[in-house]
Every structure is written in structure tokens, then in C-alpha cells.
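Chemist: Below you will find the structure I want to go over with you.
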Amino acid sequence: MFSKKKETSQIDPQQRELYEHARKRIIQKKRLFQHFIIFAVGSLFMIILNILFGLGEEITFLGAYWCVFGSMAWAFFLALHFCNVWVFSTFMGQEWTDRQMERLITKQKEEIALIQRDIDLMYPKDELIKKKEAFITRKASDTIEDTVNTNSMITMIAAAAENNALGKDNDLVWHLPDDFKRFKKLTTGHFIIMGRKTFESFPKLLPDRTHVVITRNKEYKADGAIIVHAMAEALQVAKSDNQPFIIGGGEIYAIGMEKANCIELTRVHHNFEADAFFPEIDTNVWKLEKEEFHDTDEKHKYPFTYLTYIRK
Ligand SMILES: NC(=O)c1ccc[n+]([C@@H]2O[C@H](COP(=O)([O-])OP(=O)(O)OC[C@H]3O[C@@H](n4cnc5c(N)ncnc54)[C@H](OP(=O)(O)O)[C@@H]3O)[C@@H](O)[C@H]2O)c1
């Protein structure tokens, strides 16, 4: 008993299904056959009762005995039973439904494969993966930047020599009063973003401007200035300003270059020895919008040109 149970439980599910199906069919056919025998005996019995023993002899329809109609009605139900076993169960039984379902699934799979192939052609998988990774990386590192006012005209303002020199020993290497005046005029009332070294090169705070100082030093403090630790953070702090200025020095211009959309550059037409430099301006990225030459005079030892660049 135990071993038989074990045997049946080990039968492959597909075989079990076939076995179940065969068993059901045998039962159906057996019942149909029994129905046929009962019909044959029953009809004979009706004929004997009606014709031989004269039971209900007076009941006729269209000149025929009732046993004829009785047999015919029964034959109709027998025919239905026959159809149910041989026609409907073959064409519309569980097996037929399963087959239809299987066909439908195969068709759906083929259609999905076609759509997938089109998507792969339009967007190659490697590219999609790269884009997704870039998106995740950007999201992780730029959460602060997301809150930056994208309508702001982020402007870098600088005075650089022909060799891009900005200054030496944390000080400027020329004195051009008109350029100072222009710097004051443009930046007054705005946020000015600068590196810690530039900030420390000022004798005092510049009036009517909000100072934002970038440093890696988390302990750094300065009266009257907002201390931040990244360019993105500085721009976020200045997001209420429609034109925040990045005012240097060399390290800060280098990281500001990709964030800015305007450069106000005073090009001093001379070469200087320096230890801080303005980054190269890529003319593929920047378009020269405006230029204004300023010659030498008694107050200005070097000629210079105001250049306004706008990001293309
Ligand atoms: N000609 C001009 O228009 C102009 C304008 C401005 C300045 N300058 C001159 O430029 C020189 C100063 O420029 P510089 O390049 O030496 O110094 P800077 O750019 O003014 O400041 C550098 C400092 O900024 C901080 N910093 C830089 N990158 C950072 C980052 N990614 N994250 C956080 N903090 C960062 C660091 O501060 P910590 O060391 O505290 O971490 C670094 O030491 C001076 O000679 C000045 O006179 C000239």
C-alpha cells in the first residue's frame, strides 16, 4: 500500500494529466454506452406496452402511437449526449480551451518579442544602461543643484592677462581703477561667490554684496560671509539672485566654468608672472557677445578690453 502511494506520487505531472484525461474519457464513453442500452431497452419496453399490451392505445399523434414519439424524444436526448461526448468535448472541452489559451500566449509572446526587437533597435541596451547609470550618478551627486534657480544668469567676472594670469601671492598684479569701478557697478546688490583664498585677500568685506566663501574646511568661519563647501552649495545659497557672480580666484573659476552661462572678462593686454590663472575659454562653448577696448592713460598702465561671453 505504502509503496503504491509512493509510486503514484512520483508520476510526472504531465503523465498524470494524460492519465486523468484518459480516465475521464473512458467514464464518459461508458456512460454514453449505458445510456444507449437503457434507451434501446426503454424504447422496446414502450413499444411492448403500447402496441402489444395496448397501453394508451387511444393516444396517437399524426396517426402514430405515443411510443414512437416517446422513442424519438429519447433518441434526441441520446443524440445530444452523443454530441457532448464526441463533438463538444473534442472541440470545446478543457483540452480545446487549454490549446486555445496556449496559442494565444504564444501569439502574445511573439508580439512582445517584436516590440522588444524594435525597442532594442531604437535604443541599444548598452546605451540605455549607460544613460540609466549616468542618471543615477547625477541624481546622487546633484541633489543640491536640483534646487538651483535655472533662470539665473550665473556670471563669472575676472580680469586676466594675455597669459591668463590672475594674481600672485594672493594679490593682484596690476592696478586698473576703471576695471574696479566696472566690477563694483556690476556686482553691487548681488551674491559674490569666491574661494577662501580670494576672500582672505580682501582687506575688508565689499559693501552691498552678499559674500559666499567656498572652502573644504568644515570648521572655517568668517564674519559677514556665508561659508559653503562646494560650488553647487554656493549656487543653491544664491538661488534667490537672478545674477550671482563667481569672482574667483583661479581654482573657483575652474569649477565655475561649467556652471556659468556668462563671462565678464577684462583682458589685460600684457603677460604677467603669476601663480593663479584663468581657465582657457573654449570658443566652441562660448560666444563673444560684446567687446569694448580701453586704452592706456595716466591711471591705466596697461591697455585692456572688456569681453562679454555668453554660453552657446
Ligand atoms: N584677476 C582677477 O580677476 C582675480 C579675481 C579673484 C582672485 N584673483 C587672484 O587669484 C588668486 C587666488 O586664486 P586661487 O586659485 O589661488 O584661490 P581661490 O580660488 O581664491 O581659493 C582656493 C580655495 O578655495 C577652496 N576650494 C577650491 N576648490 C574647492 C572645492 N572644489 N570645494 C571646496 N573648496 C574649494 C579651497 O579652500 P580651502 O583651502 O580653505 O579648503 C582652496 O584653497 C589671488 O592671487 C587673487 O588675487 C584674481
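Chain lettering (A, B, ...) mirrors the order of the C-alpha cells, residue numbering begins at 1 for each chain separately, and ligand numbering begins at 1 in order of display.
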Fewer than 6 positions away in the same chain doesn't count, so skip those; otherwise give me all residues within 8 Å of range 286-302 of chain A, counting only C-alpha atoms, as a PyMOL selection string.

Modeler: chain A and resi 175-177+268-270+308-312

Chemist: Keeping C-alpha atoms, export the residues of the selection given above as a PDB file, in the first residue's frame.

Modeler:
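Dumped everything to selection14.pdb:
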ATOM      1  CA  HIS A 175      46.010  98.373 -10.848  1.00  0.00           C
ATOM      2  CA  LEU A 176      43.220  99.348 -13.256  1.00  0.00           C
ATOM      3  CA  PRO A 177      40.748 101.718 -11.461  1.00  0.00           C
ATOM      4  CA  VAL A 268      44.655  92.890 -19.847  1.00  0.00           C
ATOM      5  CA  HIS A 269      46.928  93.116 -22.871  1.00  0.00           C
ATOM      6  CA  HIS A 270      50.159  92.124 -21.216  1.00  0.00           C
ATOM      7  CA  THR A 308      31.354  89.548 -22.625  1.00  0.00           C
ATOM      8  CA  TYR A 309      30.951  85.838 -23.433  1.00  0.00           C
ATOM      9  CA  ILE A 310      27.637  84.001 -23.430  1.00  0.00           C
ATOM     10  CA  ARG A 311      27.321  80.220 -23.343  1.00  0.00           C
ATOM     11  CA  LYS A 312      26.247  78.998 -26.796  1.00  0.00           C
TER      12      LYS A 312
END

Chemist: Considering only C-alpha atoms, return as a PyMOL selection string whatever protein or nucleic-acid residues lie within 10 Å of range 248-253 of chain A, sequence-local ones (same chain, fewer than 5 positions apart) excluded.

Modeler: chain A and resi 156-159+164-167+170+192-199+214+230-231+258-260+275-279

Chemist: Interatomic distance between CA of Phe245 in chain A and CA of Glu219 in chain A?

Modeler: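 Straight-line distance from CA of Phe245 in chain A to CA of Glu219 in chain A works out to 24.5 Å.
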
Chemist: Which one is closest to ligand 1: A:Lys168, A:Arg209, A:Lys218, A:Arg182? Count only C-alpha atoms and all ligand atoms.

Modeler: A:Lys168

Chemist: Determine which residues of range 9-253 of chain A DSSP labels as strand (DSSP E or B) from the backbone of this structure, then write them out as number ranges by chain.

Modeler: A: 60-61, 64-65, 155-161, 165-168, 171, 191-195, 210-214, 225-228, 245-246

Chemist: Tell me, which residues of range 179-285 of chain A carry DSSP alpha helix (DSSP H), written as number ranges by chain?

Modeler: A: 179-187, 196-201, 231-237, 250-256

Chemist: Give the answer as one residue: which of A:Val228, A:Ala22, A:Cys67, A:Val87 has the shortest atom-to-atom distance to Val213 in chain A, using only C-alpha atoms?

Modeler: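 Among the listed residues, the smallest separation from Val213 in chain A belongs to A:Val228.
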
Chemist: Residues near Trp86 in chain A, anyone? I mean within 10 Å using only C-alpha atoms, not counting same-chain ones fewer than 6 positions away, as a PDB file with N, CA and C atoms, in the first residue's frame.

Modeler:
ATOM      1  N   ARG A  25     -12.396  10.288 -20.141  1.00  0.00           N
ATOM      2  CA  ARG A  25     -12.970   9.907 -21.447  1.00  0.00           C
ATOM      3  C   ARG A  25     -13.613   8.522 -21.368  1.00  0.00           C
ATOM      4  N   GLN A  28     -16.881   8.848 -19.621  1.00  0.00           N
ATOM      5  CA  GLN A  28     -17.875   9.500 -20.492  1.00  0.00           C
ATOM      6  C   GLN A  28     -18.438   8.495 -21.505  1.00  0.00           C
ATOM      7  N   LYS A  29     -17.503   7.748 -22.141  1.00  0.00           N
ATOM      8  CA  LYS A  29     -17.943   6.795 -23.179  1.00  0.00           C
ATOM      9  C   LYS A  29     -18.777   5.663 -22.569  1.00  0.00           C
ATOM     10  N   LEU A  32     -22.184   6.891 -21.994  1.00  0.00           N
ATOM     11  CA  LEU A  32     -22.919   7.018 -23.260  1.00  0.00           C
ATOM     12  C   LEU A  32     -23.431   5.642 -23.700  1.00  0.00           C
ATOM     13  N   LEU A  80     -27.975  14.202 -28.241  1.00  0.00           N
ATOM     14  CA  LEU A  80     -27.290  15.311 -27.538  1.00  0.00           C
ATOM     15  C   LEU A  80     -26.140  14.781 -26.684  1.00  0.00           C
TER      16      LEU A  80
END

Chemist: So how many Å separate CA of Asn163 in chain A and CA of Glu273 in chain A, to one decimal?

Modeler: 8.8 Å

Chemist: Give me the residues within 9 Å of Met153 in chain A as a PyMOL selection string, counting only C-alpha atoms and dropping any in the same chain fewer than 3 places off.

Modeler: chain A and resi 150+241-245+260-262

Chemist: Just the number, please: distance in Å from CA of Ala238 in chain A to CA of Ile226 in chain A, one decimal.

Modeler: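 Going from CA of Ala238 in chain A over to CA of Ile226 in chain A covers 10.1 Å.
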
Chemist: Counting only C-alpha atoms and all ligand atoms, which residue out of A:Val41, A:Val173, A:Met101, A:Ile263 sits closest to ligand 1?

Modeler: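 Closest candidate: A:Val173.
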
Chemist: Out of A:His211, A:Arg267, A:Arg31, A:Lys24, which residue has the shortest atom-to-atom distance to ligand 1 when counting only C-alpha atoms and all ligand atoms?

Modeler: A:Arg267
